[in-house]
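This is coords20.cif (mmCIF, C-alpha atoms).
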```cif
data_structure
#
loop_
_atom_site.label_atom_id
_atom_site.label_comp_id
_atom_site.auth_asym_id
_atom_site.auth_seq_id
_atom_site.Cartn_x
_atom_site.Cartn_y
_atom_site.Cartn_z
CA MET N 68 -41.64 205.92 44.42
CA PRO N 69 -44.17 208.75 44.09
CA ARG N 70 -43.54 211.90 46.11
CA GLY N 71 -46.35 213.87 47.63
CA ILE N 72 -48.52 214.36 50.70
CA VAL N 73 -48.23 211.44 53.12
CA ALA N 74 -50.69 212.88 55.66
CA SER N 75 -52.55 216.16 56.09
CA ALA N 76 -54.68 217.87 58.71
CA GLY N 77 -56.07 221.25 59.67
CA TYR N 78 -56.94 222.89 62.95
CA VAL N 79 -59.68 225.49 63.31
CA PRO N 80 -60.17 226.96 66.80
CA TYR N 81 -63.29 226.25 68.83
CA ARG N 82 -64.45 229.86 68.86
CA ARG N 83 -66.04 231.74 65.99
CA LEU N 84 -67.34 235.28 65.52
CA GLN N 85 -70.62 236.04 63.80
CA ARG N 86 -69.77 238.81 61.34
CA THR N 87 -73.11 240.52 61.97
CA ALA N 88 -71.91 241.14 65.55
CA ILE N 89 -69.31 243.58 64.20
CA ARG N 90 -71.92 245.75 62.49
CA ASP N 91 -74.16 245.64 65.56
CA VAL N 92 -71.41 247.39 67.55
CA MET N 93 -69.47 249.39 64.97
CA ALA N 94 -72.36 250.26 62.60
CA ALA N 95 -69.92 249.30 59.84
CA GLY N 96 -68.07 246.28 58.52
CA GLY N 97 -69.22 242.78 59.28
CA GLY N 98 -70.99 240.90 56.52
CA LYS N 99 -72.43 237.40 56.33
CA GLY N 100 -71.16 234.18 57.84
CA THR N 101 -68.54 233.63 60.51
CA ARG N 102 -64.80 233.83 61.04
CA SER N 103 -62.65 231.58 63.22
CA VAL N 104 -61.19 233.05 66.41
CA ALA N 105 -58.21 231.75 68.35
CA GLY N 106 -58.82 231.61 72.10
CA PHE N 107 -57.14 233.97 74.55
CA ASP N 108 -54.69 231.16 75.40
CA GLU N 109 -53.87 230.30 71.80
CA ASP N 110 -51.26 231.65 69.42
CA THR N 111 -49.73 230.49 66.15
CA THR N 112 -47.44 228.05 67.98
CA THR N 113 -50.20 226.34 69.98
CA MET N 114 -52.43 226.09 66.89
CA ALA N 115 -49.55 224.56 64.95
CA VAL N 116 -49.14 221.90 67.65
CA GLU N 117 -52.86 221.10 67.51
CA ALA N 118 -52.78 220.78 63.71
CA CYS N 119 -49.85 218.37 63.91
CA ARG N 120 -51.62 216.33 66.61
CA GLN N 121 -54.46 215.66 64.17
CA LEU N 122 -52.10 213.71 61.91
CA GLU N 123 -52.08 209.93 62.01
CA LEU N 124 -48.35 209.22 61.89
CA THR N 125 -46.53 205.90 62.04
CA ASN N 126 -42.99 207.23 61.53
CA GLY N 127 -41.41 210.49 62.61
CA PRO N 128 -40.21 213.08 60.06
CA ASP N 129 -36.61 214.02 59.30
CA ALA N 130 -37.33 217.73 59.74
CA LEU N 131 -40.02 220.19 60.86
CA TRP N 132 -40.62 223.47 59.02
CA PHE N 133 -42.93 226.06 60.58
CA SER N 134 -44.35 229.05 58.70
CA THR N 135 -46.25 232.02 60.09
CA ALA N 136 -46.60 235.74 59.56
CA GLU N 137 -47.53 236.19 63.24
CA PRO N 138 -44.76 234.49 65.27
CA ALA N 139 -45.03 234.25 69.03
CA TYR N 140 -41.30 235.05 69.25
CA LEU N 141 -38.73 236.88 67.19
CA ASP N 142 -35.07 235.79 67.46
CA LYS N 143 -36.16 232.59 69.22
CA THR N 144 -37.15 229.64 66.98
CA ASN N 145 -40.87 228.94 67.44
CA ALA N 146 -40.61 225.54 65.74
CA ASN N 147 -38.66 224.24 68.74
CA ALA N 148 -41.73 224.37 71.01
CA ILE N 149 -43.75 222.48 68.37
CA HIS N 150 -40.93 219.95 68.04
CA THR N 151 -40.85 219.28 71.79
CA ALA N 152 -44.63 219.20 72.24
CA LEU N 153 -44.77 216.48 69.55
CA ARG N 154 -41.98 214.55 71.30
CA LEU N 155 -39.80 214.43 68.19
CA ASP N 156 -36.26 213.11 68.45
CA GLU N 157 -33.44 215.61 68.98
CA SER N 158 -31.98 214.62 65.61
CA VAL N 159 -35.06 216.05 63.83
CA THR N 160 -34.22 219.59 62.76
CA ALA N 161 -36.75 222.39 63.31
CA PHE N 162 -36.76 225.72 61.48
CA ASP N 163 -38.98 228.78 61.18
CA PHE N 164 -40.03 230.13 57.79
CA GLY N 165 -41.84 233.37 58.52
CA GLY N 166 -42.37 237.05 58.06
CA ALA N 167 -44.73 236.90 55.08
CA ILE N 168 -47.98 235.23 54.09
CA ARG N 169 -46.21 233.57 51.15
CA SER N 170 -43.89 231.66 53.50
CA GLY N 171 -46.55 228.94 54.01
CA ILE N 172 -46.93 227.91 50.37
CA GLY N 173 -43.21 228.53 49.85
CA ALA N 174 -42.19 226.05 52.52
CA LEU N 175 -44.59 223.43 51.14
CA LYS N 176 -43.34 223.86 47.56
CA SER N 177 -39.70 223.68 48.66
CA VAL N 178 -40.29 220.40 50.48
CA LEU N 179 -42.25 218.91 47.58
CA ASP N 180 -39.35 219.73 45.25
CA GLY N 181 -36.83 218.22 47.70
CA ASN N 182 -36.33 214.82 49.29
CA GLY N 183 -36.68 213.11 52.65
CA THR N 184 -39.69 213.25 54.96
CA THR N 185 -40.59 216.66 56.33
CA LEU N 186 -43.41 217.87 58.55
CA VAL N 187 -44.57 221.24 57.20
CA VAL N 188 -46.91 223.28 59.39
CA ALA N 189 -48.36 226.74 58.81
CA SER N 190 -50.32 228.85 61.26
CA ASP N 191 -51.69 232.38 61.37
CA MET N 192 -53.93 234.78 63.29
CA ARG N 193 -55.46 237.55 61.22
CA THR N 194 -57.01 240.73 62.55
CA GLY N 195 -57.50 244.38 61.73
CA LEU N 196 -58.89 247.57 63.16
CA PRO N 197 -62.45 247.28 64.53
CA GLY N 198 -64.94 247.41 61.68
CA SER N 199 -62.31 246.82 58.99
CA ALA N 200 -62.50 244.30 56.15
CA ASP N 201 -59.41 242.53 57.48
CA GLU N 202 -61.11 242.02 60.82
CA SER N 203 -64.27 240.46 59.38
CA ASN N 204 -62.69 238.57 56.45
CA GLY N 205 -59.69 237.25 58.37
CA GLY N 206 -59.51 234.02 60.35
CA ASP N 207 -57.30 231.97 62.64
CA ALA N 208 -56.18 228.42 61.85
CA ALA N 209 -53.28 226.07 61.24
CA ALA N 210 -52.55 223.23 58.85
CA ALA N 211 -49.94 220.48 58.88
CA MET N 212 -48.68 218.13 56.18
CA VAL N 213 -46.12 215.37 56.04
CA VAL N 214 -44.33 215.34 52.69
CA GLY N 215 -42.40 212.27 51.62
CA ASP N 216 -42.09 209.35 49.22
CA GLY N 217 -44.01 206.11 48.86
CA ASP N 218 -47.38 205.59 50.53
CA VAL N 219 -48.99 208.98 49.83
CA VAL N 220 -52.58 210.25 49.94
CA ALA N 221 -51.83 212.57 47.00
CA THR N 222 -49.02 212.50 44.45
CA TYR N 223 -47.31 215.77 43.60
CA LEU N 224 -47.41 216.25 39.83
CA GLY N 225 -45.64 219.58 39.54
CA GLY N 226 -45.96 223.30 40.09
CA ALA N 227 -44.81 226.74 39.10
CA SER N 228 -44.47 230.25 40.49
CA ALA N 229 -44.58 233.81 39.22
CA THR N 230 -42.93 236.57 41.24
CA LYS N 231 -42.98 240.34 40.90
CA GLU N 232 -42.28 243.13 43.36
CA PHE N 233 -45.30 245.33 44.04
CA LEU N 234 -46.81 246.97 47.13
CA GLU N 235 -50.30 245.56 47.67
CA ARG N 236 -50.27 244.58 51.39
CA TRP N 237 -47.75 245.39 54.11
CA ARG N 238 -47.35 245.50 57.89
CA THR N 239 -44.46 246.90 59.88
CA PRO N 240 -43.00 244.88 62.79
CA GLY N 241 -45.00 245.44 65.97
CA SER N 242 -48.13 246.67 64.22
CA LYS N 243 -51.46 244.94 64.90
CA ARG N 244 -52.92 245.78 61.50
CA SER N 245 -52.00 245.38 57.85
CA LYS N 246 -52.32 248.19 55.34
CA THR N 247 -53.38 247.71 51.73
CA TRP N 248 -53.33 249.60 48.47
CA GLU N 249 -56.45 250.31 46.41
CA ASP N 250 -58.26 247.10 45.38
CA ARG N 251 -58.06 247.59 41.61
CA PHE N 252 -54.27 247.82 41.75
CA GLY N 253 -53.95 244.43 43.47
CA GLU N 254 -56.35 242.84 41.01
CA ALA N 255 -54.36 244.22 38.07
CA MET N 256 -51.17 242.72 39.53
CA TYR N 257 -52.40 239.28 40.63
CA ALA N 258 -54.51 238.26 37.62
CA PRO N 259 -51.69 238.04 35.02
CA LEU N 260 -49.29 236.47 37.55
CA ALA N 261 -51.86 233.78 38.36
CA GLU N 262 -52.42 233.04 34.67
CA HIS N 263 -48.68 232.77 34.07
CA ALA N 264 -48.13 230.38 37.01
CA TRP N 265 -51.26 228.35 36.15
CA ASN N 266 -50.21 227.66 32.57
CA ALA N 267 -46.65 226.81 33.62
CA ALA N 268 -47.84 224.51 36.41
CA LEU N 269 -50.23 222.54 34.17
CA LYS N 270 -47.41 222.11 31.68
CA ALA N 271 -45.01 220.94 34.39
CA ALA N 272 -47.63 218.52 35.75
CA ASP N 273 -48.55 217.33 32.23
CA VAL N 274 -52.29 217.77 32.82
CA THR N 275 -54.98 219.62 30.91
CA ASP N 276 -58.03 219.18 33.16
CA VAL N 277 -58.39 219.98 36.85
CA ASP N 278 -61.17 218.46 38.98
CA VAL N 279 -60.82 220.48 42.20
CA LEU N 280 -59.54 224.03 42.66
CA CYS N 281 -58.32 225.77 45.82
CA VAL N 282 -57.49 229.49 45.61
CA ALA N 283 -55.97 231.25 48.62
CA GLY N 284 -55.14 234.92 49.00
CA MET N 285 -55.87 237.91 51.22
CA HIS N 286 -56.89 240.01 48.19
CA GLN N 287 -60.53 238.96 47.91
CA ARG N 288 -61.25 240.48 44.50
CA SER N 289 -58.27 238.72 42.95
CA VAL N 290 -59.21 235.38 44.54
CA SER N 291 -62.75 235.63 43.14
CA ARG N 292 -61.58 236.74 39.70
CA VAL N 293 -58.90 234.05 39.38
CA ALA N 294 -61.23 231.28 40.58
CA LYS N 295 -63.84 232.34 38.02
CA ARG N 296 -61.40 232.67 35.11
CA LEU N 297 -59.84 229.26 35.68
CA GLY N 298 -63.25 227.65 35.14
CA VAL N 299 -62.92 224.61 37.41
CA ALA N 300 -66.32 223.18 38.33
CA LYS N 301 -65.53 222.24 41.96
CA THR N 302 -63.83 224.71 44.29
CA ILE N 303 -62.97 224.52 48.00
CA ASP N 304 -63.92 227.73 49.80
CA LEU N 305 -63.82 228.31 53.57
CA GLY N 306 -64.35 232.07 53.47
CA GLY N 307 -67.92 231.96 54.77
CA THR N 308 -67.14 229.88 57.86
CA VAL N 309 -63.44 230.26 58.72
CA GLY N 310 -62.32 233.38 56.90
CA ASP N 311 -58.96 233.89 55.24
CA THR N 312 -56.26 232.49 57.51
CA GLY N 313 -53.27 234.09 55.80
CA THR N 314 -50.11 232.00 55.98
CA ALA N 315 -52.10 228.85 56.79
CA HIS N 316 -54.88 229.27 54.25
CA ALA N 317 -53.40 227.55 51.21
CA MET N 318 -52.51 224.44 53.20
CA LEU N 319 -55.84 224.53 55.06
CA LEU N 320 -57.73 224.54 51.75
CA LEU N 321 -55.58 221.68 50.47
CA ALA N 322 -56.16 219.69 53.66
CA ALA N 323 -59.93 220.18 53.28
CA ALA N 324 -59.76 219.12 49.64
CA LEU N 325 -57.77 215.97 50.44
CA GLU N 326 -60.32 215.03 53.13
CA GLU N 327 -63.11 215.11 50.52
CA ALA N 328 -61.15 213.73 47.57
CA THR N 329 -61.91 210.61 45.59
CA PRO N 330 -59.12 208.57 43.96
CA ASP N 331 -57.54 209.99 40.79
CA GLU N 332 -58.91 213.51 41.19
CA THR N 333 -56.60 216.27 40.00
CA ILE N 334 -56.36 219.01 42.63
CA ALA N 335 -54.80 222.40 41.92
CA LEU N 336 -53.75 224.73 44.74
CA VAL N 337 -53.34 228.42 43.81
CA SER N 338 -51.87 230.92 46.27
CA LEU N 339 -51.85 234.67 45.62
CA ALA N 340 -49.37 236.43 47.89
CA ASP N 341 -46.59 238.68 46.56
CA GLY N 342 -46.87 236.70 43.34
CA ALA N 343 -48.63 233.48 42.41
CA ASP N 344 -47.82 229.86 43.24
CA VAL N 345 -49.60 226.85 41.77
CA LEU N 346 -49.18 223.23 42.94
CA VAL N 347 -50.90 220.28 41.23
CA PHE N 348 -51.70 216.95 42.89
CA LYS N 349 -53.35 213.65 41.97
CA SER N 350 -55.35 212.14 44.84
CA VAL N 351 -54.65 208.50 45.73
CA ARG N 352 -57.05 208.09 48.65
CA ARG N 353 -58.95 210.29 51.04
CA ALA N 354 -56.90 211.84 53.86
CA ALA N 355 -58.08 210.69 57.29
CA PRO N 356 -56.84 212.88 60.17
CA LYS N 357 -58.16 212.43 63.70
CA ARG N 358 -60.53 215.34 63.09
CA THR N 359 -61.32 216.79 59.69
CA VAL N 360 -61.44 220.49 58.90
CA ARG N 361 -65.21 220.19 58.54
CA GLN N 362 -65.52 218.58 61.99
CA HIS N 363 -63.57 221.45 63.54
CA ILE N 364 -65.86 223.96 61.83
CA ASP N 365 -69.05 222.14 62.82
CA ALA N 366 -68.00 222.00 66.49
CA ALA N 367 -67.34 225.76 66.75
CA GLN N 368 -69.23 228.00 69.18
CA ASP N 369 -69.79 231.75 69.10
CA VAL N 370 -67.74 234.31 70.98
CA THR N 371 -68.97 237.83 71.67
CA TYR N 372 -67.48 240.71 69.74
CA ALA N 373 -66.41 242.40 72.99
CA ARG N 374 -64.48 239.32 74.07
CA PHE N 375 -62.93 239.01 70.61
CA LEU N 376 -61.69 242.62 70.83
CA SER N 377 -60.32 241.93 74.30
CA TRP N 378 -58.44 238.84 73.17
CA ARG N 379 -56.97 240.83 70.27
CA GLY N 380 -55.79 243.62 72.57
CA MET N 381 -58.08 246.18 70.93
CA ILE N 382 -59.79 246.94 74.26
CA THR N 383 -58.56 246.42 77.83
CA PRO N 384 -61.30 245.39 80.25
CA GLU N 385 -60.77 245.53 84.00
CA PRO N 386 -59.10 242.24 85.07
CA PRO N 387 -59.76 240.40 88.34
CA ASN N 388 -58.14 242.20 91.29
CA ARG N 389 -55.33 239.71 91.77
CA PRO N 390 -51.59 239.94 90.89
CA GLU N 391 -50.55 239.03 87.37
CA PRO N 392 -48.35 235.91 87.09
CA ALA N 393 -44.57 236.21 87.19
CA ARG N 394 -42.45 235.12 84.25
CA VAL N 395 -41.61 231.45 83.99
CA SER N 396 -38.09 230.30 84.91
CA ALA N 397 -36.05 229.16 81.91
CA PRO N 398 -33.89 226.65 83.88
CA ALA N 399 -36.96 225.21 85.63
CA ALA N 400 -38.77 224.85 82.31
CA GLU N 401 -35.76 223.07 80.77
CA ARG N 402 -35.55 220.62 83.66
CA ALA N 403 -39.25 219.77 83.26
CA THR N 404 -39.35 219.65 79.44
CA GLU N 405 -40.87 216.16 79.19
CA HIS N 406 -43.72 217.18 81.49
CA LYS N 407 -44.12 220.85 80.59
CA PHE N 408 -43.93 220.69 76.79
CA ALA N 409 -44.52 217.03 75.91
CA PHE N 410 -46.87 216.11 78.81
CA ASP N 411 -45.37 212.69 78.31
CA GLY N 412 -47.73 209.77 78.89
CA MET N 413 -50.89 211.89 79.07
CA ALA N 414 -50.97 214.26 76.09
CA ASP N 415 -52.72 211.73 73.84
CA THR N 416 -54.97 210.27 76.55
CA CYS N 417 -58.48 211.34 77.50
CA GLY N 418 -59.37 211.81 81.16
CA THR N 419 -62.44 212.25 83.35
CA ILE N 420 -63.32 215.23 85.55
CA ALA N 421 -63.34 214.13 89.20
CA THR N 422 -64.20 217.60 90.52
CA PHE N 423 -63.90 221.21 89.36
CA THR N 424 -64.19 224.78 90.56
CA VAL N 425 -64.94 228.08 88.83
CA ASP N 426 -62.55 230.80 90.04
CA ARG N 427 -63.68 234.36 89.35
CA LEU N 428 -60.93 236.01 91.43
CA ALA N 429 -57.69 234.56 90.04
CA TYR N 430 -56.00 236.67 87.36
CA SER N 431 -56.91 235.78 83.78
CA PRO N 432 -57.12 237.71 80.49
CA SER N 433 -60.50 236.02 80.05
CA PRO N 434 -62.11 235.26 83.42
CA PRO N 435 -63.37 233.10 84.98
CA ILE N 436 -60.80 230.29 85.22
CA VAL N 437 -62.11 226.75 85.50
CA PHE N 438 -59.81 224.36 87.36
CA ALA N 439 -60.42 220.60 87.49
CA ILE N 440 -58.99 217.44 88.96
CA VAL N 441 -58.70 215.02 86.06
CA ASP N 442 -58.42 211.24 86.41
CA PHE N 443 -56.56 209.32 83.69
CA PRO N 444 -57.06 205.62 82.83
CA ASP N 445 -53.65 204.61 84.26
CA GLY N 446 -54.63 205.91 87.71
CA THR N 447 -52.88 209.27 87.41
CA ARG N 448 -54.74 212.23 88.89
CA ALA N 449 -53.73 215.73 87.74
CA PRO N 450 -54.90 219.29 88.49
CA LEU N 451 -55.49 221.06 85.18
CA GLU N 452 -56.98 224.27 83.89
CA LEU N 453 -59.90 223.80 81.49
CA THR N 454 -60.31 225.75 78.25
CA ASP N 455 -62.90 226.09 75.47
CA VAL N 456 -65.50 225.39 78.11
CA ASP N 457 -68.84 226.76 79.27
CA PRO N 458 -68.80 226.49 83.09
CA GLU N 459 -72.60 226.21 83.19
CA ALA N 460 -72.53 223.12 80.96
CA LEU N 461 -69.76 221.29 82.85
CA HIS N 462 -70.38 218.21 84.98
CA VAL N 463 -68.36 215.84 87.13
CA GLY N 464 -67.68 212.74 85.02
CA ASP N 465 -67.32 214.65 81.74
CA GLU N 466 -64.59 213.35 79.44
CA VAL N 467 -61.78 215.73 78.54
CA GLU N 468 -58.81 215.68 76.18
CA MET N 469 -55.49 217.50 76.32
CA THR N 470 -54.62 220.60 74.31
CA PHE N 471 -51.39 222.65 74.09
CA ARG N 472 -52.00 226.24 75.24
CA LYS N 473 -50.52 229.28 76.97
CA LEU N 474 -50.97 229.57 80.72
CA SER N 475 -49.74 233.15 80.76
CA THR N 476 -47.33 235.63 79.24
CA ALA N 477 -45.00 237.74 81.37
CA ASP N 478 -41.91 239.77 80.41
CA GLY N 479 -42.47 238.61 76.83
CA ILE N 480 -42.12 234.94 77.84
CA HIS N 481 -44.98 232.61 76.93
CA ASN N 482 -45.64 229.97 79.58
CA TYR N 483 -46.75 227.06 77.40
CA PHE N 484 -48.35 224.07 79.07
CA TRP N 485 -51.23 221.66 78.60
CA LYS N 486 -54.86 222.29 79.46
CA ALA N 487 -57.92 220.06 79.23
CA LYS N 488 -60.97 220.69 77.07
CA PRO N 489 -64.27 218.80 76.80
CA VAL N 490 -64.39 215.98 74.27
CA ARG N 491 -66.86 216.99 71.57
#
```
This entry written out as structure tokens:
Amino acid sequence: MPRGIVASAGYVPYRRLQRTAIRDVMAAGGGKGTRSVAGFDEDTTTMAVEACRQLELTNGPDALWFSTAEPAYLDKTNANAIHTALRLDESVTAFDFGGAIRSGIGALKSVLDGNGTTLVVASDMRTGLPGSADESNGGDAAAAMVVGDGDVVATYLGGASATKEFLERWRTPGSKRSKTWEDRFGEAMYAPLAEHAWNAALKAADVTDVDVLCVAGMHQRSVSRVAKRLGVAKTIDLGGTVGDTGTAHAMLLLAAALEEATPDETIALVSLADGADVLVFKSVRRAAPKRTVRQHIDAAQDVTYARFLSWRGMITPEPPNRPEPARVSAPAAERATEHKFAFDGMADTCGTIATFTVDRLAYSPSPPIVFAIVDFPDGTRAPLELTDVDPEALHVGDEVEMTFRKLSTADGIHNYFWKAKPVR
């Protein structure tokens, strides 16, 4: 049976930043277009859950692999929270593959070269100092793919990699920003590595022509040069609307390509990160997640630059004059796992707002807080916090759906739970 991508999906947060807003404040940086922005209650784990929830799955995977260069926890396995939020069986193993941007494409390639059915998810949040190129060109997103045998949306034809040690981009643990070497050096390193991996991958896949090209990489000059030199007529590029999403970007581009693909198209995915990786696929049918990458992008709404800086911890505005929340109890959270992490019975169900209130006094990193009483079709009524919402546009009777978010963080512990957001 053919091996390849069984299902794919991406998640792009609801908020976006107009790049011109950066220049308006900093008198530098910015540029054209927009970049995606994770909400104050989102991190790489919550975005990974949302990407996985976009998949239309009939059978559970044998394993879950999670890749990110911006983990919510060190020491603790972040994939476990994703595993539980998706209500996967305890026998399904969950592992983190992180620390570097290349871990996303590396996990996908390893699974494609292996066997069994594995859910691979990559997520990242990219930022930089105010006014920097990393700040404006970066983006936040996640992508998820089920790799297995049999009924696939795209067959894996083959791939290749080229690896060489060189210092082009680096970030020390605990730092909020990456540092980079001079642009021409990175371009001189990536171009020959990409050519080497490209030729080897086409040979391994036994193809000569490529219909669709996806090139991912944080080094913008190298991405542009490689895409131009490869000479493929159709390319998938999300830089103008989403930005470069680091660890997630290669899989996000591939997800977008599979959502637009026609049968028998040859799709090549090129990733430039500490080397070059090339994967080649043959589309079987168009991928059909619950929401496409394009639908996520089209639904996005602007966030102010000041709020973006606040969410990124670059500025600290005065919070509401109420006590910050205490850390969550580990034993209590374990006893309530089915409700707290899985939200069993309601996570995949839409509800209706019975009543709501806007609280401008309760503590929040991004006030005000909107609380609502939500009625579910089975008669359940639940008090929930709302997110990704404009209080002025909210009405009793509005339909809402569930989303996995952070309620708070205290003593380094993230209090993950479910919130409601308007159905759009």
Show me the residues around (-53.9, 220.5, 90.7) - criterion: an atom at most 12 Å away, all atoms listed in the file counted - as a CSV table (one decimal) with C-alpha atoms, in the frame of the given file.
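Okay, selection15.csv is ready:
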```
chain,number,residue,atom,x,y,z
N,420,ILE,CA,-63.3,215.2,85.6
N,421,ALA,CA,-63.3,214.1,89.2
N,422,THR,CA,-64.2,217.6,90.5
N,423,PHE,CA,-63.9,221.2,89.4
N,424,THR,CA,-64.2,224.8,90.6
N,437,VAL,CA,-62.1,226.8,85.5
N,438,PHE,CA,-59.8,224.4,87.4
N,439,ALA,CA,-60.4,220.6,87.5
N,440,ILE,CA,-59.0,217.4,89.0
N,441,VAL,CA,-58.7,215.0,86.1
N,442,ASP,CA,-58.4,211.2,86.4
N,447,THR,CA,-52.9,209.3,87.4
N,448,ARG,CA,-54.7,212.2,88.9
N,449,ALA,CA,-53.7,215.7,87.7
N,450,PRO,CA,-54.9,219.3,88.5
N,451,LEU,CA,-55.5,221.1,85.2
N,452,GLU,CA,-57.0,224.3,83.9
N,453,LEU,CA,-59.9,223.8,81.5
N,486,LYS,CA,-54.9,222.3,79.5
```
Once the PyMOL selection byres ((chain N and resi 126) around 12) is applied to the coordinates I shared, what remains selected? I want it as a PDB file with C-alpha atoms, keeping the file's coordinate frame.
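out_9.pdb, freshly written:
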```
ATOM      1  CA  VAL N  73     -48.230 211.440  53.120  1.00  0.00           C
ATOM      2  CA  ALA N  74     -50.690 212.880  55.660  1.00  0.00           C
ATOM      3  CA  LEU N 122     -52.100 213.710  61.910  1.00  0.00           C
ATOM      4  CA  GLU N 123     -52.080 209.930  62.010  1.00  0.00           C
ATOM      5  CA  LEU N 124     -48.350 209.220  61.890  1.00  0.00           C
ATOM      6  CA  THR N 125     -46.530 205.900  62.040  1.00  0.00           C
ATOM      7  CA  GLY N 127     -41.410 210.490  62.610  1.00  0.00           C
ATOM      8  CA  PRO N 128     -40.210 213.080  60.060  1.00  0.00           C
ATOM      9  CA  ASP N 129     -36.610 214.020  59.300  1.00  0.00           C
ATOM     10  CA  LEU N 155     -39.800 214.430  68.190  1.00  0.00           C
ATOM     11  CA  ASP N 156     -36.260 213.110  68.450  1.00  0.00           C
ATOM     12  CA  THR N 184     -39.690 213.250  54.960  1.00  0.00           C
ATOM     13  CA  THR N 185     -40.590 216.660  56.330  1.00  0.00           C
ATOM     14  CA  LEU N 186     -43.410 217.870  58.550  1.00  0.00           C
ATOM     15  CA  VAL N 213     -46.120 215.370  56.040  1.00  0.00           C
ATOM     16  CA  GLY N 215     -42.400 212.270  51.620  1.00  0.00           C
ATOM     17  CA  ASP N 218     -47.380 205.590  50.530  1.00  0.00           C
TER      18      ASP N 218
END
```
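When you apply the PyMOL selection byres ((chain N and resi 182) around 10) to this structure, what comes back is Arg70, Ser177, Val178, Leu179, Asp180, Gly181, Gly183, Thr184, Thr185, Val214, Gly215 and Asp216 of chain N.
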For His286 in chain N, work out the shell of residues within 8 Å, counting all atoms listed in the file and skipping chain neighbours fewer than 6 positions away, then give it as a short mmCIF file (atom, residue, chain, number, x, y, z; two decimals) with C-alpha atoms, in the coordinates of the input.
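around00.cif written:
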```cif
data_model
loop_
_atom_site.label_atom_id
_atom_site.label_comp_id
_atom_site.auth_asym_id
_atom_site.auth_seq_id
_atom_site.Cartn_x
_atom_site.Cartn_y
_atom_site.Cartn_z
CA ASP N 250 -58.26 247.10 45.38
CA GLY N 253 -53.95 244.43 43.47
CA GLU N 254 -56.35 242.84 41.01
CA LEU N 339 -51.85 234.67 45.62
#
```
Task: Selection result for the PyMOL selection byres ((chain N and resi 334) around 7) on this file, as an MDAnalysis selection string - done: chainID N and resid 277:280 332:333 335:336 347:349
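CA of Phe484 in chain N is positioned 13.6 Å from CA of Arg394 in chain N.
For the atom pair formed by CA of Asp304 in chain N and CA of Cys281 in chain N, the distance is 7.1 Å, given to one decimal.
The coordinates place CA of Ala161 in chain N at 24.7 Å from CA of Pro69 in chain N.
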Open item on the list: So that I can see what lies close to Gly380 in chain N, please list as an NGL selection string the residues with an atom at most 10 Å from it, counting only C-alpha atoms and leaving out residues fewer than 3 positions away in the same chain.
Closed with: :N and (107 or 243 or 374-377 or 383-384 or 432)
Give me range 77-88 of chain N with N, CA and C atoms filled in, as a CSV table (one decimal), in the coordinates of the input.
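Saved result, rebuild_11.csv, follows:
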```csv
chain,number,residue,atom,x,y,z
N,77,GLY,N,-55.9,219.8,59.3
N,77,GLY,CA,-56.1,221.2,59.7
N,77,GLY,C,-56.6,221.4,61.1
N,78,TYR,N,-56.4,222.6,61.6
N,78,TYR,CA,-56.9,222.9,63.0
N,78,TYR,C,-57.6,224.2,62.9
N,79,VAL,N,-58.9,224.3,63.2
N,79,VAL,CA,-59.7,225.5,63.3
N,79,VAL,C,-60.1,225.7,64.8
N,80,PRO,N,-59.8,226.8,65.4
N,80,PRO,CA,-60.2,227.0,66.8
N,80,PRO,C,-61.7,226.8,67.1
N,81,TYR,N,-61.9,226.5,68.4
N,81,TYR,CA,-63.3,226.2,68.8
N,81,TYR,C,-64.2,227.5,68.7
N,82,ARG,N,-63.6,228.7,68.9
N,82,ARG,CA,-64.4,229.9,68.9
N,82,ARG,C,-64.6,230.4,67.5
N,83,ARG,N,-65.8,231.1,67.2
N,83,ARG,CA,-66.0,231.7,66.0
N,83,ARG,C,-66.8,233.0,66.3
N,84,LEU,N,-66.7,234.0,65.4
N,84,LEU,CA,-67.3,235.3,65.5
N,84,LEU,C,-68.4,235.4,64.4
N,85,GLN,N,-69.6,235.7,64.8
N,85,GLN,CA,-70.6,236.0,63.8
N,85,GLN,C,-70.3,237.4,63.2
N,86,ARG,N,-70.2,237.5,61.9
N,86,ARG,CA,-69.8,238.8,61.3
N,86,ARG,C,-70.8,239.9,61.6
N,87,THR,N,-72.1,239.5,61.7
N,87,THR,CA,-73.1,240.5,62.0
N,87,THR,C,-72.9,241.2,63.3
N,88,ALA,N,-72.2,240.5,64.2
N,88,ALA,CA,-71.9,241.1,65.6
N,88,ALA,C,-71.0,242.4,65.4
```
